[in-house]
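Chemist: Sharing coords23.txt here; it has compact mmCIF, C-alpha atoms.
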# COMPACT_ATOMS: atom_id res chain seq x y z
CA MET P 116 -107.70 141.16 -51.93
CA GLN P 117 -104.46 140.55 -53.80
CA ARG P 118 -106.47 139.88 -56.94
CA HIS P 119 -108.02 143.35 -56.78
CA ILE P 120 -104.60 144.95 -56.39
CA ASN P 121 -103.26 143.02 -59.37
CA ILE P 122 -106.18 144.17 -61.52
CA ALA P 123 -105.60 147.77 -60.48
CA CYS P 124 -101.90 147.59 -61.32
CA PHE P 125 -102.77 146.19 -64.76
CA MET P 126 -105.14 149.10 -65.34
CA LEU P 127 -102.34 151.53 -64.51
CA LEU P 128 -100.04 149.81 -66.99
CA ILE P 129 -102.48 150.10 -69.89
CA ALA P 130 -103.41 153.68 -68.99
CA THR P 131 -99.88 155.10 -68.83
CA PRO P 132 -99.00 154.64 -72.54
CA CYS P 133 -102.25 156.29 -73.56
CA VAL P 134 -101.07 159.58 -72.10
CA ALA P 135 -97.59 159.20 -73.52
CA VAL P 136 -98.42 158.49 -77.15
CA THR P 137 -101.34 160.85 -77.63
CA ASP P 138 -99.67 164.10 -76.66
CA GLU P 139 -100.22 166.32 -79.66
CA HIS P 140 -97.96 169.02 -78.22
CA VAL P 141 -94.79 166.98 -78.74
CA PRO P 142 -92.87 168.53 -81.67
CA THR P 143 -92.84 166.38 -84.78
CA PRO P 144 -89.43 165.26 -86.11
CA LEU P 145 -90.07 167.36 -89.25
CA ARG P 146 -90.91 171.02 -88.76
CA TYR P 147 -90.25 174.57 -89.86
CA VAL P 148 -88.35 176.83 -87.49
CA SER P 149 -87.16 180.41 -87.30
CA ALA P 150 -83.54 181.29 -86.64
CA ASP P 151 -84.28 181.70 -82.93
CA GLN P 152 -86.04 178.31 -82.70
CA ALA P 153 -83.29 176.24 -84.34
CA THR P 154 -81.45 173.70 -82.21
CA PRO P 155 -78.02 175.21 -81.41
CA LEU P 156 -76.02 171.98 -81.96
CA ALA P 157 -77.87 170.86 -85.09
CA GLN P 158 -75.93 169.86 -88.20
CA VAL P 159 -76.51 172.57 -90.80
CA ILE P 160 -77.13 171.41 -94.39
CA ASP P 161 -77.01 174.01 -97.16
CA THR P 162 -79.10 172.98 -100.18
CA ARG P 163 -78.02 175.81 -102.48
CA ALA P 164 -75.86 175.32 -105.54
CA LEU P 165 -72.45 173.94 -104.65
CA ALA P 166 -70.55 177.07 -105.76
CA ASN P 167 -72.65 179.32 -103.53
CA CYS P 168 -72.29 177.03 -100.52
CA GLN P 169 -68.55 176.67 -100.98
CA LYS P 170 -68.12 180.42 -101.17
CA ARG P 171 -70.06 181.43 -98.05
CA THR P 172 -72.56 179.77 -95.77
CA ILE P 173 -73.26 179.24 -92.07
CA ALA P 174 -70.10 178.16 -90.29
CA GLY P 175 -69.83 174.37 -90.12
CA ALA P 176 -72.54 173.78 -92.75
CA HIS P 177 -72.42 170.76 -95.07
CA CYS P 178 -73.00 171.45 -98.77
CA LEU P 179 -75.66 169.10 -100.12
CA PRO P 180 -77.44 170.39 -103.25
CA ALA P 181 -80.67 168.67 -104.21
CA SER P 182 -79.09 167.65 -107.52
CA ASP P 183 -76.72 165.32 -105.62
CA LEU P 184 -79.69 163.23 -104.49
CA VAL P 185 -81.61 162.88 -107.76
CA GLY P 186 -80.94 160.63 -110.72
CA PRO P 187 -80.57 161.87 -114.31
CA ASP P 188 -84.21 160.99 -115.07
CA GLY P 189 -85.51 163.18 -112.25
CA GLN P 190 -86.35 160.18 -110.07
CA LEU P 191 -84.68 158.95 -106.91
CA PRO P 192 -81.67 156.66 -107.08
CA SER P 193 -81.62 153.64 -104.79
CA PHE P 194 -81.60 154.38 -101.09
CA VAL P 195 -78.29 152.55 -100.86
CA ASP P 196 -76.80 155.27 -103.06
CA ILE P 197 -78.61 157.98 -101.08
CA PHE P 198 -77.24 156.64 -97.79
CA TRP P 199 -73.76 156.58 -99.30
CA ALA P 200 -74.11 160.20 -100.45
CA LEU P 201 -75.23 161.27 -96.98
CA GLY P 202 -72.21 159.48 -95.52
CA THR P 203 -69.82 161.25 -97.90
CA ALA P 204 -71.37 164.54 -96.75
CA GLY P 205 -70.50 163.67 -93.16
CA ILE P 206 -74.08 163.70 -91.87
CA SER P 207 -74.89 161.73 -88.73
CA PRO P 208 -78.44 160.33 -88.63
CA HIS P 209 -78.55 160.47 -84.84
CA ARG P 210 -78.14 164.23 -84.49
CA PRO P 211 -80.73 166.85 -85.46
CA VAL P 212 -80.21 168.66 -88.75
CA LEU P 213 -81.11 172.19 -89.81
CA ILE P 214 -81.90 172.45 -93.53
CA VAL P 215 -81.22 175.87 -95.08
CA GLY P 216 -81.42 177.27 -98.59
CA ASN P 217 -82.85 179.98 -100.80
CA GLN P 218 -85.27 177.96 -102.95
CA SER P 219 -88.03 176.29 -100.97
CA ARG P 220 -88.40 173.46 -103.51
CA ALA P 221 -84.82 172.21 -103.16
CA ARG P 222 -84.73 172.89 -99.41
CA ASP P 223 -87.96 171.02 -98.69
CA PHE P 224 -86.95 168.12 -100.94
CA VAL P 225 -83.69 167.53 -99.07
CA ALA P 226 -85.48 167.93 -95.72
CA GLY P 227 -88.20 165.43 -96.63
CA LEU P 228 -85.73 162.93 -98.04
CA LEU P 229 -83.68 163.01 -94.84
CA TYR P 230 -86.87 162.52 -92.84
CA LEU P 231 -87.81 159.48 -94.94
CA CYS P 232 -84.27 158.14 -94.58
CA GLY P 233 -84.75 158.08 -90.81
CA GLN P 234 -83.03 161.26 -89.60
CA SER P 235 -83.78 161.68 -85.91
CA SER P 236 -84.93 165.30 -86.20
CA VAL P 237 -85.23 167.56 -89.25
CA GLN P 238 -85.69 171.30 -88.84
CA ILE P 239 -86.24 173.59 -91.82
CA LEU P 240 -85.15 177.21 -91.61
CA LYS P 241 -87.98 179.34 -92.98
CA THR P 242 -85.75 182.35 -93.65
CA PRO P 243 -83.54 182.26 -96.78
CA VAL P 244 -79.98 181.52 -95.76
CA GLU P 245 -78.56 184.53 -97.61
CA LEU P 246 -80.80 186.81 -95.56
CA VAL P 247 -79.65 185.10 -92.35
CA LEU P 248 -76.02 185.60 -93.38
CA HIS P 249 -76.70 189.23 -94.26
CA GLN P 250 -78.25 189.80 -90.84
CA LYS P 251 -75.20 188.14 -89.25
CA HIS P 252 -77.42 185.96 -87.11
CA TRP P 253 -74.79 183.21 -87.26
CA PRO P 254 -71.08 183.34 -88.15
CA ALA P 255 -70.24 182.65 -91.79
CA ALA P 256 -67.55 180.45 -93.36
CA GLN P 257 -66.92 178.30 -96.40
CA GLY P 258 -69.11 175.24 -96.70
CA GLN P 259 -67.91 171.66 -96.25
CA THR P 260 -68.19 169.69 -99.49
CA ARG P 261 -68.75 165.97 -99.97
CA GLY P 262 -65.80 163.62 -100.10
CA ILE P 263 -65.10 160.62 -102.28
CA LEU P 264 -65.28 158.27 -99.31
CA ARG P 265 -67.72 158.27 -96.42
CA HIS P 266 -66.89 160.43 -93.43
CA THR P 267 -69.66 158.73 -91.45
CA VAL P 268 -71.80 155.63 -91.87
CA TYR P 269 -75.39 156.70 -92.32
CA ASP P 270 -77.09 153.88 -90.42
CA ALA P 271 -80.56 155.29 -89.74
CA ASN P 272 -83.74 153.22 -89.59
CA MET P 273 -85.76 154.32 -92.59
CA ARG P 274 -89.32 155.53 -92.25
CA ASP P 275 -90.13 153.26 -95.15
CA LYS P 276 -93.77 152.84 -94.12
CA LEU P 277 -94.31 156.42 -95.27
CA ILE P 278 -93.16 155.59 -98.81
CA VAL P 279 -95.80 154.30 -101.23
CA LEU P 280 -94.84 152.72 -104.55
CA PRO P 281 -97.12 153.01 -107.61
CA THR P 282 -97.86 149.28 -107.48
CA GLU P 283 -98.86 149.63 -103.81
CA LEU P 284 -101.05 152.65 -104.47
CA ILE P 285 -103.04 150.93 -107.21
CA HIS P 286 -103.87 148.17 -104.71
CA LEU P 287 -104.77 150.64 -101.93
CA LEU P 288 -107.08 152.60 -104.23
CA ALA P 289 -109.07 149.43 -104.86
CA THR P 290 -109.18 148.15 -101.28
CA ASP P 291 -108.81 151.01 -98.77
CA ASN P 292 -111.85 153.27 -98.39
CA SER P 293 -110.09 155.44 -95.84
CA LEU P 294 -107.34 156.45 -98.30
CA ILE P 295 -107.32 160.05 -99.54
CA THR P 296 -104.93 160.88 -102.39
CA ILE P 297 -103.73 164.49 -102.59
CA ASP P 298 -102.50 165.97 -105.89
CA GLY P 299 -100.05 168.77 -105.07
CA ARG P 300 -99.13 169.77 -108.62
CA ASN P 301 -99.66 173.34 -109.70
CA GLU P 302 -100.67 174.65 -113.12
CA SER P 303 -97.59 176.77 -113.71
CA ALA P 304 -96.17 177.11 -117.21
CA GLN P 305 -93.49 174.56 -116.34
CA ASN P 306 -96.00 171.88 -115.31
CA ALA P 307 -98.94 172.80 -117.55
CA ASP P 308 -98.48 169.89 -119.95
CA GLU P 309 -98.07 167.37 -117.13
CA TYR P 310 -101.13 168.65 -115.33
CA ARG P 311 -103.34 168.49 -118.43
CA THR P 312 -102.54 164.81 -118.91
CA GLY P 313 -104.78 163.97 -115.94
CA HIS P 314 -104.49 162.84 -112.35
CA ILE P 315 -104.68 159.69 -110.27
CA PRO P 316 -108.34 158.59 -109.97
CA GLY P 317 -110.01 160.05 -106.90
CA ALA P 318 -107.17 162.47 -106.15
CA ILE P 319 -108.04 165.79 -104.58
CA ARG P 320 -106.12 168.79 -105.86
CA LEU P 321 -104.59 170.81 -103.06
CA VAL P 322 -101.74 173.16 -103.95
CA SER P 323 -99.84 174.16 -100.81
CA THR P 324 -99.61 177.90 -101.31
CA GLN P 325 -99.30 178.30 -97.57
CA ALA P 326 -98.82 176.05 -94.57
CA ARG P 327 -102.12 174.64 -93.31
CA PRO P 328 -102.94 171.38 -91.50
CA ILE P 329 -104.03 168.81 -94.07
CA SER P 330 -106.72 167.47 -91.74
CA ARG P 331 -108.73 170.63 -92.49
CA TYR P 332 -109.17 169.55 -96.08
CA LEU P 333 -111.07 166.32 -95.55
CA PRO P 334 -113.55 165.94 -98.42
CA ARG P 335 -117.29 165.59 -98.03
CA PRO P 336 -119.09 162.32 -98.73
CA ALA P 337 -120.08 161.77 -102.34
CA THR P 338 -123.47 163.00 -103.57
CA ASP P 339 -125.59 162.23 -106.61
CA LYS P 340 -126.68 164.75 -109.27
CA HIS P 341 -129.55 165.95 -107.06
CA GLY P 342 -127.23 166.71 -104.17
CA THR P 343 -128.40 163.75 -102.09
CA ARG P 344 -125.71 162.01 -100.08
CA LEU P 345 -124.99 158.53 -101.32
CA PRO P 346 -124.89 155.58 -98.91
CA LEU P 347 -121.60 155.24 -97.14
CA THR P 348 -119.65 152.05 -96.75
CA ALA P 349 -118.68 150.70 -93.36
CA PRO P 350 -115.93 152.72 -91.64
CA ALA P 351 -112.49 151.40 -92.51
CA GLY P 352 -110.54 153.37 -89.92
CA PRO P 353 -109.08 156.89 -89.68
CA ALA P 354 -108.21 158.68 -92.89
CA ARG P 355 -104.82 158.10 -94.48
CA PHE P 356 -103.30 160.57 -96.90
CA VAL P 357 -100.98 159.84 -99.83
CA THR P 358 -99.48 162.94 -101.43
CA TYR P 359 -97.83 163.30 -104.81
CA ALA P 360 -96.75 165.96 -107.29
CA ASN P 361 -95.03 165.89 -110.68
CA ASN P 362 -91.72 164.09 -110.03
CA ALA P 363 -89.58 162.92 -107.11
CA VAL P 364 -88.31 166.38 -106.13
CA ASP P 365 -91.75 167.99 -106.31
CA SER P 366 -93.49 165.07 -104.59
CA ILE P 367 -91.12 164.89 -101.61
CA ALA P 368 -90.98 168.69 -101.30
CA TYR P 369 -94.79 168.79 -101.25
CA PHE P 370 -94.91 165.96 -98.71
CA THR P 371 -92.52 167.94 -96.51
CA ARG P 372 -94.77 171.00 -96.53
CA VAL P 373 -97.85 168.92 -95.77
CA ARG P 374 -96.24 166.83 -93.01
CA ALA P 375 -94.47 169.76 -91.33
CA SER P 376 -97.64 171.87 -91.41
CA GLU P 377 -99.76 169.23 -89.66
CA PRO P 378 -99.41 169.75 -85.87
CA ASN P 379 -100.78 166.31 -84.99
CA PRO P 380 -97.99 163.73 -85.52
CA GLN P 381 -100.53 160.89 -85.52
CA VAL P 382 -102.21 162.00 -88.75
CA ASP P 383 -101.11 159.36 -91.27
CA ILE P 384 -99.45 161.16 -94.20
CA ARG P 385 -97.45 159.27 -96.80
CA VAL P 386 -95.83 160.07 -100.12
CA LEU P 387 -95.65 158.64 -103.62
CA PRO P 388 -92.04 159.60 -104.46
CA ALA P 389 -92.43 158.53 -108.08
CA GLY P 390 -95.06 161.23 -108.51
CA TRP P 391 -97.23 161.62 -111.57
CA GLN P 392 -94.31 160.90 -113.90
CA GLY P 393 -93.74 157.56 -112.22
CA TRP P 394 -97.47 156.73 -112.30
CA ILE P 395 -97.94 157.25 -116.04
CA LYS P 396 -94.98 154.96 -116.81
CA TYR P 397 -97.37 152.10 -116.04
CA GLN P 398 -99.49 152.10 -119.18
CA ASN P 399 -102.18 149.91 -117.64
CA PHE P 400 -102.68 152.20 -114.62
CA PRO P 401 -105.89 154.27 -114.66
CA MET P 402 -105.95 158.04 -114.85
CA THR P 403 -108.69 160.64 -114.78
CA PRO P 404 -108.72 163.59 -117.22
CA SER P 405 -107.94 166.91 -115.57
CA GLY P 406 -111.21 168.41 -116.77
CA SER P 407 -113.25 166.01 -114.63
CA SER P 408 -114.04 166.51 -110.99
CA PRO P 409 -111.47 164.70 -108.84
CA GLN P 410 -113.87 162.96 -106.47
CA ARG P 411 -114.03 159.42 -105.18
CA GLN P 412 -116.49 156.92 -106.52
CA ALA P 413 -119.92 156.71 -104.96
CA GLY P 414 -120.15 154.99 -101.63
CA HIS P 415 -116.66 155.73 -100.33
CA THR P 416 -116.37 156.90 -96.76
CA TYR P 417 -114.12 159.78 -95.79
CA LEU P 418 -113.20 159.45 -92.16
CA PRO P 419 -111.44 162.14 -90.11
CA PRO P 420 -108.08 161.55 -88.44
CA ILE P 421 -108.02 160.18 -84.93
CA ASN P 422 -109.32 162.64 -82.38
CA ASN P 423 -106.72 162.10 -79.72
CA SER P 424 -108.29 164.45 -77.19
CA ILE P 425 -110.43 161.68 -75.71
CA TYR P 426 -107.56 159.33 -74.95
CA PRO P 427 -105.85 161.36 -72.19
CA VAL P 428 -109.24 161.80 -70.49
CA ALA P 429 -109.91 158.07 -70.65
CA ALA P 430 -106.43 157.31 -69.35
CA ILE P 431 -106.93 159.65 -66.39
CA LEU P 432 -110.26 158.01 -65.53
CA VAL P 433 -108.72 154.53 -65.73
CA SER P 434 -105.78 155.63 -63.55
CA ALA P 435 -108.07 157.22 -60.97
CA THR P 436 -110.23 154.08 -60.83
CA ALA P 437 -107.15 151.90 -60.38
CA MET P 438 -105.80 154.10 -57.59
CA LEU P 439 -109.17 154.00 -55.85
CA ILE P 440 -109.23 150.19 -56.03
CA ILE P 441 -105.74 149.98 -54.55
CA PHE P 442 -106.63 152.47 -51.79
CA MET P 443 -109.81 150.65 -50.80
CA SER P 444 -108.05 147.25 -50.87
CA LEU P 445 -105.22 148.46 -48.64
CA ARG P 446 -107.70 150.12 -46.31
CA LYS P 447 -109.69 146.90 -45.89
CA ARG P 448 -106.47 144.96 -45.29
CA GLY P 449 -105.47 147.45 -42.57
CA GLU P 450 -108.87 147.23 -40.90
CA LYS P 451 -108.63 143.41 -40.73
CA GLN P 452 -105.15 143.58 -39.19
CA TRP P 453 -106.28 145.97 -36.46
CA SER P 454 -109.60 144.24 -35.73
What does the file become when written as structure tokens?
Modeler:
Amino acid sequence: MQRHINIACFMLLIATPCVAVTDEHVPTPLRYVSADQATPLAQVIDTRALANCQKRTIAGAHCLPASDLVGPDGQLPSFVDIFWALGTAGISPHRPVLIVGNQSRARDFVAGLLYLCGQSSVQILKTPVELVLHQKHWPAAQGQTRGILRHTVYDANMRDKLIVLPTELIHLLATDNSLITIDGRNESAQNADEYRTGHIPGAIRLVSTQARPISRYLPRPATDKHGTRLPLTAPAGPARFVTYANNAVDSIAYFTRVRASEPNPQVDIRVLPAGWQGWIKYQNFPMTPSGSSPQRQAGHTYLPPINNSIYPVAAILVSATAMLIIFMSLRKRGEKQWS
């Protein structure tokens, strides 16, 4: 009798986390918000040029231009230096932040970098901050600039598993069939030369002109010249995405748009902060000419992200079965005591 009760209790223990971790309706720590949706007590970070932020911004906002977080070569400095810069700006990693600005590129870069650094919650104001100030949605004041010394110690736990180095990516491309690389560069006049140099082998071009869940863009299995599907390899697990663009600012800004636009937090999306510029610094790394079709080699399997809808149902069935076992066991015990 007691053995049955113990088994039922164990079933309840393994079923409870299934409901907790598969709730797709829980807001992700990185998301776009309107002025009405922003957390009232969030730390406001203004990513505009320092002169504009100092002159007038949302009251209590910290001035943190994107240029303060990028090295002279357009790549990221060490995260030790980034953490120090965030401390001199007086940003606490344990409170939510609201990222505002006028240019989406700089705004999304700062938002994504804070998310990678381990900020507890990052909200991105979709409306340009100057329009918000003009509408007098929030009170205005001069912005708070960075100091020479740290106002706070930025002691967050980095989301370093989301960061992929070029040397890691070259290994994953050779060993992980579930990996999907997304090229987020555009063919604007500014990036035309970089785009014509090629792309990472197998990368799928997907310019984020508007916010859409990345899981909708899963590629089809490879086919031969007659249109016949090629044999697929054994499933290697749910799809994992690695995004990149031209340089660190573009890559992290693009990652931000992709991650914040995906409603399911369990879709595995990572970023190559070095971008295309960091990739081509390795002369022995392969690249595919831009004129060729960016498709994977024959035989690679493209697997969809985890469909989490089945897990709550399974957890409910397990819980109901466990409760029934406990009820029947207690009922039999009561019948023996009264007989």
Chemist: For the point (-89.1, 181.0, -87.5) in file coordinates, what residues are within 6 Å, counting all atoms listed in the file? Give the answer as a PyMOL selection string?
Modeler: chain P and resi 148-150+241
Chemist: Of the candidates P:Ala157, P:Ala375, P:Ala166, P:Leu179, which one gets nearest to Ser235 of chain P if we count only C-alpha atoms?
Modeler: P:Ala157
Chemist: Could you give me, as a ChimeraX atom specification, the residues within 10 Å of Phe198 of chain P, counting only C-alpha atoms and dropping anything in the same chain fewer than 2 positions from it?
Modeler: /P:184,193-196,200-204,206,208,229,232,265,268-271
Chemist: Kindly indicate which residue among P:Thr371, P:Thr312, P:Gln169, P:Asn217 lies nearest to Pro404 of chain P, using all atoms listed in the file for the distances.
Modeler: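 Counting all atoms listed in the file, the residue closest to Pro404 of chain P is P:Thr312.
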Chemist: Take the point (-102.1, 162.4, -108.8) as written in the file and pick out every residue within 6 Å of it, counting all atoms listed in the file; give the list as a PDB file with C-alpha atoms, in the frame of the given file.
Modeler:
ATOM      1  CA  ASP P 298    -102.500 165.970-105.890  1.00  0.00           C
ATOM      2  CA  HIS P 314    -104.490 162.840-112.350  1.00  0.00           C
ATOM      3  CA  ILE P 315    -104.680 159.690-110.270  1.00  0.00           C
ATOM      4  CA  ALA P 318    -107.170 162.470-106.150  1.00  0.00           C
ATOM      5  CA  TYR P 359     -97.830 163.300-104.810  1.00  0.00           C
ATOM      6  CA  TRP P 391     -97.230 161.620-111.570  1.00  0.00           C
TER       7      TRP P 391
END
Chemist: Tell me which protein, DNA and RNA residues are within 8 Å of Leu213 of chain P, counting only C-alpha atoms, leaving out same-chain ones fewer than 3 positions away, and put them as an NGL selection string.
Modeler: :P and (153-154 or 157-160 or 237-240)
